[in-house]
Amino acid sequence: MTIPNLPTDNLYKFGFVFSIIVFIFFIYYHNKKVEYFQKMDLELKFKELDLDLKYSRLTEDFLYVAESFKSNRDSEMGDVLSKKFEELDNSKLKADSTLVLYNEKVGQFNVQKEEFENTQCLYYIAIGVSLFFSIICGLLWYCKSQKFEDRITKLRYLEMKQKLQQ
C-alpha cells in the first residue's frame, strides 16, 4: 500500500507568497519608524531654535527695560517700564514652562528612539528570515512542481505544433 504524495504545490505557493508579504510588511514598518524619528528629530530641532530665539528676544527686552528703568525710576516712564517689566516677567514664566514641556517631550522622544534602536536588529532579523523563507519556498515550489508543469506545457505545445505542421 502506497501513501499518495501530499499536494505540496499549494503549500509552497502559500509559503512563498506569505513570506513575501511578511518581508514587505517589515520593510514598510521599519521605514515608517525611521521616517517618523527623522521627522520628530527635525521638528524638535526647529522647536529648540524657536525657543532659543524667544529666549534671546526676551533677554534683550528684559535688559533694555532694566536699563531704562534704572535711569527713569521717578518719572511716569518708570511706571510704564515697571508694567513692561512685569509683562516680561510673565512672558519669561510662560517661556520657562514651555521649556520644561519641551524638555519632557525631548526626554520621551529620546526614550522612544533608544527603544527603537535597541529593537532595530529584530527588524533586520525578521526581514532576513522572511526573505530566506521566500527564497526557500520559491525554490521548492519551482523545483518540485512548477518545473515539471512547465515541461508538460512545453511538450503539449510541441505536439500541437507538430500536428499543425502535418
# chains A, B, ... in the order shown; residues from 1 in each chain; ligands from 1

call {"tool": "residues_around", "arguments": {"residues": "Glu87 in chain A", "least_positions_apart": "5", "cutoff": "12 Å", "atoms": "only C-alpha atoms", "output": "count of residues only"}}
result
10

call {"tool": "residues_around", "arguments": {"residues": "range 122-136 of chain A", "least_positions_apart": "4", "cutoff": "12 Å", "atoms": "only C-alpha atoms", "output": "ChimeraX atom specification"}}
result
/A:12-31,33-34,115-118,140-144

call {"tool": "atom_distance", "arguments": {"atom1": "CA of Phe37 in chain A", "atom2": "CA of Gln112 in chain A"}}
result
8.9 Å

call {"tool": "residues_around", "arguments": {"residues": "Val106 in chain A", "least_positions_apart": "2", "cutoff": "10 Å", "atoms": "only C-alpha atoms", "output": "list in words"}}
result
Met40, Asp41, Leu44, Lys45, Glu48, Val100, Leu101, Tyr102, Asn103, Glu104, Gln108, Phe109, Asn110, Val111 and Gln112 of chain A

call {"tool": "closest_residue", "arguments": {"among": "A:Gln38, A:Gln165, A:Ser145, A:Thr98", "to": "Asn10 in chain A", "atoms": "only C-alpha atoms"}}
result
A:Ser145

call {"tool": "atom_distance", "arguments": {"atom1": "CA of Glu35 in chain A", "atom2": "CA of Ser97 in chain A"}}
result
29.2 Å
